[in-house]
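As provided, work18.pdb (PDB, N, CA and C atoms) reads as follows.
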ATOM      1  N   MET K   1       0.847  -1.189   0.000
ATOM      2  CA  MET K   1       0.000   0.000   0.000
ATOM      3  C   MET K   1       0.882   1.239   0.000
ATOM      4  N   ASN K   2       0.540   2.206  -0.804
ATOM      5  CA  ASN K   2       1.307   3.443  -0.901
ATOM      6  C   ASN K   2       0.538   4.588  -0.281
ATOM      7  N   LEU K   3       1.274   5.478   0.346
ATOM      8  CA  LEU K   3       0.690   6.666   0.954
ATOM      9  C   LEU K   3       0.746   7.808  -0.054
ATOM     10  N   ALA K   4      -0.391   8.433  -0.314
ATOM     11  CA  ALA K   4      -0.440   9.542  -1.279
ATOM     12  C   ALA K   4       0.356  10.725  -0.733
ATOM     13  N   THR K   5       1.235  11.266  -1.556
ATOM     14  CA  THR K   5       2.051  12.419  -1.178
ATOM     15  C   THR K   5       1.587  13.699  -1.855
ATOM     16  N   THR K   6       0.722  13.580  -2.855
ATOM     17  CA  THR K   6       0.242  14.735  -3.614
ATOM     18  C   THR K   6      -1.014  14.337  -4.377
ATOM     19  N   THR K   7      -1.547  15.260  -5.113
ATOM     20  CA  THR K   7      -2.620  14.949  -6.063
ATOM     21  C   THR K   7      -2.113  15.330  -7.449
ATOM     22  N   VAL K   8      -2.544  14.578  -8.451
ATOM     23  CA  VAL K   8      -2.068  14.809  -9.814
ATOM     24  C   VAL K   8      -3.239  14.932 -10.769
ATOM     25  N   SER K   9      -2.947  15.517 -11.916
ATOM     26  CA  SER K   9      -3.880  15.570 -13.035
ATOM     27  C   SER K   9      -3.283  14.773 -14.179
ATOM     28  N   VAL K  10      -4.128  14.084 -14.923
ATOM     29  CA  VAL K  10      -3.698  13.390 -16.128
ATOM     30  C   VAL K  10      -3.999  14.321 -17.295
ATOM     31  N   LEU K  11      -2.957  14.659 -18.061
ATOM     32  CA  LEU K  11      -3.099  15.575 -19.187
ATOM     33  C   LEU K  11      -3.001  14.797 -20.487
ATOM     34  N   GLY K  12      -3.709  15.253 -21.485
ATOM     35  CA  GLY K  12      -3.660  14.610 -22.793
ATOM     36  C   GLY K  12      -4.016  15.594 -23.887
ATOM     37  N   GLY K  13      -3.911  15.142 -25.113
ATOM     38  CA  GLY K  13      -4.272  15.975 -26.253
ATOM     39  C   GLY K  13      -3.079  16.621 -26.911
ATOM     40  N   THR K  14      -3.217  16.850 -28.209
ATOM     41  CA  THR K  14      -2.171  17.520 -28.983
ATOM     42  C   THR K  14      -2.814  18.507 -29.947
ATOM     43  N   THR K  15      -2.006  19.392 -30.436
ATOM     44  CA  THR K  15      -2.421  20.358 -31.448
ATOM     45  C   THR K  15      -1.244  20.549 -32.395
ATOM     46  N   THR K  16      -1.429  21.283 -33.464
ATOM     47  CA  THR K  16      -0.322  21.575 -34.371
ATOM     48  C   THR K  16      -0.087  23.082 -34.404
ATOM     49  N   ASP K  17       1.187  23.450 -34.521
ATOM     50  CA  ASP K  17       1.514  24.873 -34.587
ATOM     51  C   ASP K  17       1.481  25.355 -36.036
ATOM     52  N   GLU K  18       1.899  26.597 -36.265
ATOM     53  CA  GLU K  18       1.824  27.186 -37.597
ATOM     54  C   GLU K  18       2.747  26.507 -38.607
ATOM     55  N   PHE K  19       3.715  25.706 -38.120
ATOM     56  CA  PHE K  19       4.632  24.991 -39.005
ATOM     57  C   PHE K  19       4.206  23.545 -39.233
ATOM     58  N   GLY K  20       3.095  23.146 -38.628
ATOM     59  CA  GLY K  20       2.607  21.783 -38.770
ATOM     60  C   GLY K  20       3.207  20.798 -37.780
ATOM     61  N   ASP K  21       3.973  21.305 -36.810
ATOM     62  CA  ASP K  21       4.577  20.437 -35.797
ATOM     63  C   ASP K  21       3.565  20.139 -34.697
ATOM     64  N   GLU K  22       3.575  18.909 -34.224
ATOM     65  CA  GLU K  22       2.660  18.502 -33.155
ATOM     66  C   GLU K  22       3.162  19.026 -31.816
ATOM     67  N   GLN K  23       2.249  19.589 -31.021
ATOM     68  CA  GLN K  23       2.570  20.103 -29.697
ATOM     69  C   GLN K  23       1.570  19.544 -28.699
ATOM     70  N   ASP K  24       2.063  19.264 -27.482
ATOM     71  CA  ASP K  24       1.180  18.788 -26.422
ATOM     72  C   ASP K  24       0.337  19.935 -25.888
ATOM     73  N   THR K  25      -0.886  19.612 -25.493
ATOM     74  CA  THR K  25      -1.740  20.602 -24.836
ATOM     75  C   THR K  25      -1.876  20.219 -23.369
ATOM     76  N   GLU K  26      -2.339  21.130 -22.570
ATOM     77  CA  GLU K  26      -2.533  20.858 -21.146
ATOM     78  C   GLU K  26      -3.997  20.597 -20.853
ATOM     79  N   THR K  27      -4.662  19.820 -21.694
ATOM     80  CA  THR K  27      -6.061  19.479 -21.495
ATOM     81  C   THR K  27      -6.166  18.414 -20.406
ATOM     82  N   PRO K  28      -6.814  18.735 -19.267
ATOM     83  CA  PRO K  28      -6.931  17.740 -18.194
ATOM     84  C   PRO K  28      -7.969  16.672 -18.541
ATOM     85  N   LEU K  29      -7.544  15.409 -18.458
ATOM     86  CA  LEU K  29      -8.448  14.288 -18.664
ATOM     87  C   LEU K  29      -9.042  13.835 -17.338
ATOM     88  N   ALA K  30      -8.287  14.015 -16.249
ATOM     89  CA  ALA K  30      -8.737  13.697 -14.894
ATOM     90  C   ALA K  30      -7.930  14.564 -13.935
ATOM     91  N   THR K  31      -8.560  15.012 -12.842
ATOM     92  CA  THR K  31      -7.876  15.866 -11.876
ATOM     93  C   THR K  31      -8.129  15.370 -10.459
ATOM     94  N   GLY K  32      -7.277  15.828  -9.539
ATOM     95  CA  GLY K  32      -7.459  15.511  -8.126
ATOM     96  C   GLY K  32      -7.218  14.056  -7.771
ATOM     97  N   ILE K  33      -6.365  13.366  -8.501
ATOM     98  CA  ILE K  33      -6.101  11.950  -8.253
ATOM     99  C   ILE K  33      -5.024  11.827  -7.177
ATOM    100  N   PRO K  34      -5.302  11.155  -6.055
ATOM    101  CA  PRO K  34      -4.267  10.943  -5.040
ATOM    102  C   PRO K  34      -3.145  10.075  -5.612
ATOM    103  N   ALA K  35      -1.895  10.478  -5.364
ATOM    104  CA  ALA K  35      -0.755   9.769  -5.948
ATOM    105  C   ALA K  35       0.439   9.799  -5.012
ATOM    106  N   SER K  36       1.248   8.780  -5.129
ATOM    107  CA  SER K  36       2.544   8.736  -4.463
ATOM    108  C   SER K  36       3.574   9.064  -5.525
ATOM    109  N   LEU K  37       4.194  10.220  -5.412
ATOM    110  CA  LEU K  37       5.157  10.692  -6.406
ATOM    111  C   LEU K  37       6.518  10.806  -5.728
ATOM    112  N   MET K  38       7.492  10.031  -6.216
ATOM    113  CA  MET K  38       8.809   9.992  -5.576
ATOM    114  C   MET K  38       9.917  10.194  -6.600
ATOM    115  N   GLU K  39      10.992  10.827  -6.145
ATOM    116  CA  GLU K  39      12.185  10.995  -6.960
ATOM    117  C   GLU K  39      13.306  10.215  -6.297
ATOM    118  N   SER K  40      14.076   9.507  -7.093
ATOM    119  CA  SER K  40      15.251   8.816  -6.558
ATOM    120  C   SER K  40      16.431   9.131  -7.456
ATOM    121  N   THR K  41      17.614   8.980  -6.905
ATOM    122  CA  THR K  41      18.826   9.242  -7.677
ATOM    123  C   THR K  41      19.761   8.048  -7.580
ATOM    124  N   ARG K  42      20.582   7.908  -8.602
ATOM    125  CA  ARG K  42      21.645   6.906  -8.572
ATOM    126  C   ARG K  42      22.833   7.473  -9.320
ATOM    127  N   GLN K  43      24.006   7.009  -8.932
ATOM    128  CA  GLN K  43      25.221   7.504  -9.564
ATOM    129  C   GLN K  43      25.691   6.493 -10.602
ATOM    130  N   THR K  44      26.010   7.001 -11.787
ATOM    131  CA  THR K  44      26.583   6.177 -12.847
ATOM    132  C   THR K  44      27.884   6.828 -13.304
ATOM    133  N   PHE K  45      28.647   6.084 -14.067
ATOM    134  CA  PHE K  45      29.911   6.602 -14.571
ATOM    135  C   PHE K  45      29.932   6.487 -16.088
ATOM    136  N   GLU K  46      30.440   7.532 -16.758
ATOM    137  CA  GLU K  46      30.575   7.480 -18.204
ATOM    138  C   GLU K  46      31.597   6.412 -18.557
ATOM    139  N   PRO K  47      31.305   5.584 -19.573
ATOM    140  CA  PRO K  47      32.186   4.456 -19.874
ATOM    141  C   PRO K  47      33.612   4.853 -20.304
ATOM    142  N   VAL K  48      33.756   5.944 -21.033
ATOM    143  CA  VAL K  48      35.070   6.294 -21.571
ATOM    144  C   VAL K  48      35.906   7.064 -20.557
ATOM    145  N   THR K  49      35.320   8.124 -19.988
ATOM    146  CA  THR K  49      36.091   9.000 -19.105
ATOM    147  C   THR K  49      35.995   8.608 -17.635
ATOM    148  N   GLY K  50      34.971   7.851 -17.261
ATOM    149  CA  GLY K  50      34.797   7.502 -15.853
ATOM    150  C   GLY K  50      34.215   8.633 -15.020
ATOM    151  N   THR K  51      33.735   9.688 -15.696
ATOM    152  CA  THR K  51      33.155  10.828 -14.996
ATOM    153  C   THR K  51      31.841  10.414 -14.324
ATOM    154  N   PRO K  52      31.707  10.709 -13.027
ATOM    155  CA  PRO K  52      30.456  10.342 -12.363
ATOM    156  C   PRO K  52      29.301  11.248 -12.783
ATOM    157  N   ARG K  53      28.126  10.675 -12.929
ATOM    158  CA  ARG K  53      26.903  11.410 -13.275
ATOM    159  C   ARG K  53      25.793  10.975 -12.326
ATOM    160  N   ILE K  54      24.930  11.898 -12.004
ATOM    161  CA  ILE K  54      23.762  11.598 -11.179
ATOM    162  C   ILE K  54      22.560  11.478 -12.105
ATOM    163  N   VAL K  55      21.848  10.371 -12.023
ATOM    164  CA  VAL K  55      20.649  10.139 -12.829
ATOM    165  C   VAL K  55      19.447  10.196 -11.898
ATOM    166  N   ARG K  56      18.506  11.065 -12.211
ATOM    167  CA  ARG K  56      17.289  11.192 -11.412
ATOM    168  C   ARG K  56      16.152  10.451 -12.099
ATOM    169  N   THR K  57      15.422   9.698 -11.327
ATOM    170  CA  THR K  57      14.255   9.003 -11.853
ATOM    171  C   THR K  57      13.048   9.374 -11.009
ATOM    172  N   HIS K  58      11.883   9.354 -11.627
ATOM    173  CA  HIS K  58      10.649   9.687 -10.938
ATOM    174  C   HIS K  58       9.675   8.524 -11.115
ATOM    175  N   VAL K  59       9.023   8.165 -10.033
ATOM    176  CA  VAL K  59       8.043   7.083 -10.051
ATOM    177  C   VAL K  59       6.762   7.594  -9.415
ATOM    178  N   CYS K  60       5.643   7.276 -10.054
ATOM    179  CA  CYS K  60       4.335   7.668  -9.543
ATOM    180  C   CYS K  60       3.505   6.402  -9.382
ATOM    181  N   ARG K  61       2.821   6.281  -8.251
ATOM    182  CA  ARG K  61       1.927   5.151  -8.041
ATOM    183  C   ARG K  61       0.515   5.701  -7.840
ATOM    184  N   LEU K  62      -0.419   5.102  -8.617
ATOM    185  CA  LEU K  62      -1.815   5.536  -8.612
ATOM    186  C   LEU K  62      -2.720   4.345  -8.324
ATOM    187  N   SER K  63      -3.964   4.646  -8.070
ATOM    188  CA  SER K  63      -4.975   3.606  -7.906
ATOM    189  C   SER K  63      -5.026   2.757  -9.169
ATOM    190  N   PRO K  64      -5.203   1.423  -9.031
ATOM    191  CA  PRO K  64      -5.263   0.572 -10.223
ATOM    192  C   PRO K  64      -6.445   0.883 -11.133
ATOM    193  N   ALA K  65      -7.431   1.608 -10.640
ATOM    194  CA  ALA K  65      -8.599   1.959 -11.450
ATOM    195  C   ALA K  65      -8.341   3.167 -12.351
ATOM    196  N   THR K  66      -7.202   3.849 -12.180
ATOM    197  CA  THR K  66      -6.875   5.036 -12.968
ATOM    198  C   THR K  66      -6.477   4.643 -14.383
ATOM    199  N   SER K  67      -6.966   5.398 -15.351
ATOM    200  CA  SER K  67      -6.653   5.131 -16.754
ATOM    201  C   SER K  67      -5.563   6.084 -17.234
ATOM    202  N   VAL K  68      -4.345   5.542 -17.423
ATOM    203  CA  VAL K  68      -3.203   6.325 -17.890
ATOM    204  C   VAL K  68      -2.457   5.494 -18.922
ATOM    205  N   THR K  69      -1.984   6.148 -19.994
ATOM    206  CA  THR K  69      -1.173   5.474 -21.014
ATOM    207  C   THR K  69       0.121   6.254 -21.226
ATOM    208  N   GLU K  70       1.007   5.702 -22.035
ATOM    209  CA  GLU K  70       2.267   6.368 -22.350
ATOM    210  C   GLU K  70       2.063   7.625 -23.186
ATOM    211  N   GLU K  71       0.872   7.851 -23.692
ATOM    212  CA  GLU K  71       0.590   9.056 -24.476
ATOM    213  C   GLU K  71       0.145  10.230 -23.606
ATOM    214  N   ASN K  72      -0.035  10.001 -22.313
ATOM    215  CA  ASN K  72      -0.479  11.040 -21.390
ATOM    216  C   ASN K  72       0.708  11.693 -20.698
ATOM    217  N   ARG K  73       0.423  12.762 -19.986
ATOM    218  CA  ARG K  73       1.373  13.426 -19.116
ATOM    219  C   ARG K  73       0.735  13.551 -17.745
ATOM    220  N   ILE K  74       1.567  13.718 -16.726
ATOM    221  CA  ILE K  74       1.105  13.852 -15.349
ATOM    222  C   ILE K  74       1.524  15.226 -14.848
ATOM    223  N   LYS K  75       0.601  15.930 -14.208
ATOM    224  CA  LYS K  75       0.916  17.233 -13.613
ATOM    225  C   LYS K  75       0.732  17.138 -12.107
ATOM    226  N   ASP K  76       1.784  17.433 -11.353
ATOM    227  CA  ASP K  76       1.709  17.490  -9.903
ATOM    228  C   ASP K  76       0.959  18.772  -9.546
ATOM    229  N   GLU K  77      -0.201  18.637  -8.933
ATOM    230  CA  GLU K  77      -1.041  19.810  -8.657
ATOM    231  C   GLU K  77      -0.470  20.708  -7.573
ATOM    232  N   GLN K  78       0.413  20.189  -6.723
ATOM    233  CA  GLN K  78       0.992  21.019  -5.667
ATOM    234  C   GLN K  78       2.176  21.835  -6.157
ATOM    235  N   SER K  79       3.050  21.228  -6.968
ATOM    236  CA  SER K  79       4.247  21.937  -7.417
ATOM    237  C   SER K  79       4.107  22.538  -8.807
ATOM    238  N   GLY K  80       3.157  22.035  -9.610
ATOM    239  CA  GLY K  80       2.991  22.511 -10.977
ATOM    240  C   GLY K  80       3.914  21.830 -11.975
ATOM    241  N   GLU K  81       4.743  20.872 -11.514
ATOM    242  CA  GLU K  81       5.656  20.145 -12.412
ATOM    243  C   GLU K  81       4.870  19.224 -13.337
ATOM    244  N   ILE K  82       5.337  19.111 -14.573
ATOM    245  CA  ILE K  82       4.712  18.217 -15.548
ATOM    246  C   ILE K  82       5.714  17.125 -15.905
ATOM    247  N   TYR K  83       5.222  15.908 -16.006
ATOM    248  CA  TYR K  83       6.050  14.743 -16.290
ATOM    249  C   TYR K  83       5.503  14.008 -17.510
ATOM    250  N   ILE K  84       6.396  13.476 -18.329
ATOM    251  CA  ILE K  84       6.030  12.601 -19.435
ATOM    252  C   ILE K  84       5.929  11.191 -18.873
ATOM    253  N   VAL K  85       4.905  10.454 -19.250
ATOM    254  CA  VAL K  85       4.772   9.068 -18.823
ATOM    255  C   VAL K  85       5.617   8.217 -19.763
ATOM    256  N   VAL K  86       6.684   7.616 -19.239
ATOM    257  CA  VAL K  86       7.595   6.790 -20.025
ATOM    258  C   VAL K  86       7.064   5.366 -20.132
ATOM    259  N   SER K  87       6.583   4.829 -19.021
ATOM    260  CA  SER K  87       6.025   3.475 -19.045
ATOM    261  C   SER K  87       4.970   3.327 -17.961
ATOM    262  N   VAL K  88       4.034   2.426 -18.218
ATOM    263  CA  VAL K  88       2.957   2.112 -17.281
ATOM    264  C   VAL K  88       3.032   0.621 -16.989
ATOM    265  N   THR K  89       3.076   0.270 -15.713
ATOM    266  CA  THR K  89       3.171  -1.130 -15.316
ATOM    267  C   THR K  89       2.043  -1.478 -14.359
ATOM    268  N   ARG K  90       1.370  -2.573 -14.667
ATOM    269  CA  ARG K  90       0.345  -3.105 -13.779
ATOM    270  C   ARG K  90       0.856  -4.432 -13.243
ATOM    271  N   ASN K  91       1.204  -4.479 -11.951
ATOM    272  CA  ASN K  91       1.683  -5.711 -11.345
ATOM    273  C   ASN K  91       0.517  -6.651 -11.092
ATOM    274  N   ALA K  92       0.719  -7.911 -11.385
ATOM    275  CA  ALA K  92      -0.335  -8.907 -11.199
ATOM    276  C   ALA K  92      -0.274  -9.473  -9.780
ATOM    277  N   ASN K  93      -1.411  -9.504  -9.134
ATOM    278  CA  ASN K  93      -1.540 -10.117  -7.825
ATOM    279  C   ASN K  93      -2.954 -10.665  -7.737
ATOM    280  N   PRO K  94      -3.130 -11.972  -7.619
ATOM    281  CA  PRO K  94      -4.476 -12.543  -7.616
ATOM    282  C   PRO K  94      -5.270 -12.246  -6.342
ATOM    283  N   ILE K  95      -4.614 -11.796  -5.289
ATOM    284  CA  ILE K  95      -5.283 -11.567  -4.012
ATOM    285  C   ILE K  95      -5.670 -10.111  -3.811
ATOM    286  N   LEU K  96      -4.736  -9.209  -4.063
ATOM    287  CA  LEU K  96      -4.925  -7.794  -3.747
ATOM    288  C   LEU K  96      -4.535  -6.936  -4.950
ATOM    289  N   ALA K  97      -5.362  -5.987  -5.306
ATOM    290  CA  ALA K  97      -5.065  -5.091  -6.430
ATOM    291  C   ALA K  97      -3.841  -4.235  -6.093
ATOM    292  N   GLN K  98      -2.874  -4.245  -6.991
ATOM    293  CA  GLN K  98      -1.634  -3.498  -6.805
ATOM    294  C   GLN K  98      -1.752  -2.124  -7.443
ATOM    295  N   PRO K  99      -1.025  -1.126  -6.908
ATOM    296  CA  PRO K  99      -1.086   0.204  -7.522
ATOM    297  C   PRO K  99      -0.484   0.203  -8.916
ATOM    298  N   LEU K 100      -0.932   1.130  -9.706
ATOM    299  CA  LEU K 100      -0.419   1.341 -11.052
ATOM    300  C   LEU K 100       0.905   2.085 -10.920
ATOM    301  N   ARG K 101       1.970   1.582 -11.537
ATOM    302  CA  ARG K 101       3.278   2.220 -11.453
ATOM    303  C   ARG K 101       3.565   2.949 -12.760
ATOM    304  N   LEU K 102       3.927   4.231 -12.644
ATOM    305  CA  LEU K 102       4.288   5.051 -13.804
ATOM    306  C   LEU K 102       5.743   5.465 -13.658
ATOM    307  N   ASP K 103       6.550   5.188 -14.667
ATOM    308  CA  ASP K 103       7.902   5.716 -14.714
ATOM    309  C   ASP K 103       7.808   7.026 -15.486
ATOM    310  N   LEU K 104       8.364   8.085 -14.897
ATOM    311  CA  LEU K 104       8.167   9.430 -15.426
ATOM    312  C   LEU K 104       9.484  10.103 -15.787
ATOM    313  N   LYS K 105       9.376  11.113 -16.639
ATOM    314  CA  LYS K 105      10.496  11.980 -16.983
ATOM    315  C   LYS K 105      10.004  13.423 -16.811
ATOM    316  N   ARG K 106      10.686  14.178 -15.981
ATOM    317  CA  ARG K 106      10.254  15.549 -15.694
ATOM    318  C   ARG K 106      10.559  16.459 -16.868
ATOM    319  N   THR K 107       9.563  17.301 -17.228
ATOM    320  CA  THR K 107       9.760  18.242 -18.331
ATOM    321  C   THR K 107       9.816  19.689 -17.858
ATOM    322  N   GLY K 108       9.297  19.985 -16.681
ATOM    323  CA  GLY K 108       9.333  21.353 -16.176
ATOM    324  C   GLY K 108       7.971  21.777 -15.660
ATOM    325  N   ARG K 109       7.885  23.036 -15.303
ATOM    326  CA  ARG K 109       6.639  23.579 -14.757
ATOM    327  C   ARG K 109       5.659  23.916 -15.857
ATOM    328  N   ALA K 110       4.373  23.946 -15.453
ATOM    329  CA  ALA K 110       3.313  24.321 -16.386
ATOM    330  C   ALA K 110       3.488  25.777 -16.785
ATOM    331  N   ALA K 111       3.070  26.087 -17.976
ATOM    332  CA  ALA K 111       3.183  27.464 -18.497
ATOM    333  C   ALA K 111       2.173  28.374 -17.856
TER     334      ALA K 111
END

For the structure just supplied, provide its representation as structure tokens.
Amino acid sequence: MNLATTTVSVLGGTTTDEFGDEQDTETPLATGIPASLMESTRQTFEPVTGTPRIVRTHVCRLSPATSVTEENRIKDEQSGEIYIVVSVTRNANPILAQPLRLDLKRTGRAA
């Protein structure tokens, strides 16, 4: 069981700009969803130079009833940060419904 640390909105939709390029819109598909949103870091080293690098990863856990795909984005309603959904994982458990796990990539604050 995960403890909700924030509430999130699921964003979706695209539009095209004057050059015909596709752009994401901030159209909310669902709002006020309790979520556990965590950031973790790990240190890696570049293979050639051995220079250490810090890699940040973000994981979000939602109710298994929430509908999210890799085409959506997640907005943290408390901080205003927007994340791209990289992958969605539903763990199988025949006894107890497991939370939906989203691997995220931070893109920045909402405009």

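All protein and nucleic acid residues in the vicinity of (10.7, 19.4, -14.1), that is within 6 Å when counting all atoms listed in the file, are Glu81, Ile82, Arg106, Thr107, Gly108 and Arg109 of chain K.
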
Residue neighbourhood Lys75 in chain K, 7 Å, only C-alpha atoms, exclusion window fewer than 5 positions, as a short mmCIF file (atom, residue, chain, number, x, y, z; two decimals) with N, CA and C atoms, in the frame of the given file:
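Generated file (around.cif):
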data_model
loop_
_atom_site.label_atom_id
_atom_site.label_comp_id
_atom_site.auth_asym_id
_atom_site.auth_seq_id
_atom_site.Cartn_x
_atom_site.Cartn_y
_atom_site.Cartn_z
N VAL K 8 -2.54 14.58 -8.45
CA VAL K 8 -2.07 14.81 -9.81
C VAL K 8 -3.24 14.93 -10.77
N SER K 9 -2.95 15.52 -11.92
CA SER K 9 -3.88 15.57 -13.04
C SER K 9 -3.28 14.77 -14.18
N VAL K 10 -4.13 14.08 -14.92
CA VAL K 10 -3.70 13.39 -16.13
C VAL K 10 -4.00 14.32 -17.30
N GLY K 80 3.16 22.04 -9.61
CA GLY K 80 2.99 22.51 -10.98
C GLY K 80 3.91 21.83 -11.98
N GLU K 81 4.74 20.87 -11.51
CA GLU K 81 5.66 20.14 -12.41
C GLU K 81 4.87 19.22 -13.34
N ILE K 82 5.34 19.11 -14.57
CA ILE K 82 4.71 18.22 -15.55
C ILE K 82 5.71 17.12 -15.90
N TYR K 83 5.22 15.91 -16.01
CA TYR K 83 6.05 14.74 -16.29
C TYR K 83 5.50 14.01 -17.51
#

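Distances here use all atoms listed in the file; by that measure, the residue among K:Thr66, K:Leu104, K:Arg73, K:Gln43 closest to Ser87 in chain K is K:Leu104.
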
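The smallest atom-to-atom distance between Thr57 in chain K and any of K:Glu70, K:Phe45, K:Glu39, K:Leu29, using all atoms listed in the file, is found for K:Glu39.
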
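Closest approach to Val68 in chain K among K:Thr5, K:Thr31, K:Phe19, K:Val88 is made by K:Val88 (distances from only N, CA and C atoms).
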
Matched chain/residue IDs from the PyMOL selection byres (((chain K and resi 25 and name CA) around 6) and name CA), as a list in words: Gly13, Thr14, Asp24, Glu26 and Thr27 of chain K

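In this model, the gap between CA of Arg101 in chain K and CA of Arg61 in chain K comes to 4.7 Å.
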
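Distances here use all atoms listed in the file; by that measure, the residue among K:Asn72, K:Ser79, K:Asn93, K:Thr44 closest to Gly12 in chain K is K:Asn72.
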
Polymer residues at most 6 Å from Leu100 in chain K, all atoms listed in the file, same-chain spacing of 3 or more positions, as a list in words: Cys60, Arg61, Leu62, Ser63, Pro64, Thr89 and Arg90 of chain K

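Relative to atom C of Thr69 in chain K, CA of Val86 in chain K is found at 7.6 Å.
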
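Atom pair CA of Ile54 in chain K / CA of Leu37 in chain K has a distance of 19.2 Å (rounded to one decimal).
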
Within 8 Å of Leu3 in chain K using only N, CA and C atoms, minus same-chain residues under 6 positions, as an MDAnalysis selection string: chainID K and resid 34:37

Those of chain K in DSSP strand (DSSP E or B), formatted as a VMD selection string: chain K and resid 6 to 16 22 to 45 52 to 62 73 to 76 81 to 90 100 to 109

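Take the candidates K:Ala92, K:Val55, K:Ile84, K:Leu11 and check each one against Ala30 in chain K using only N, CA and C atoms; the shortest distance goes to K:Leu11.
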
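Using only N, CA and C atoms for every distance, the candidate list K:Pro99, K:Thr51, K:Ser67, K:Lys105 yields K:Lys105 as the residue closest to Val85 in chain K.
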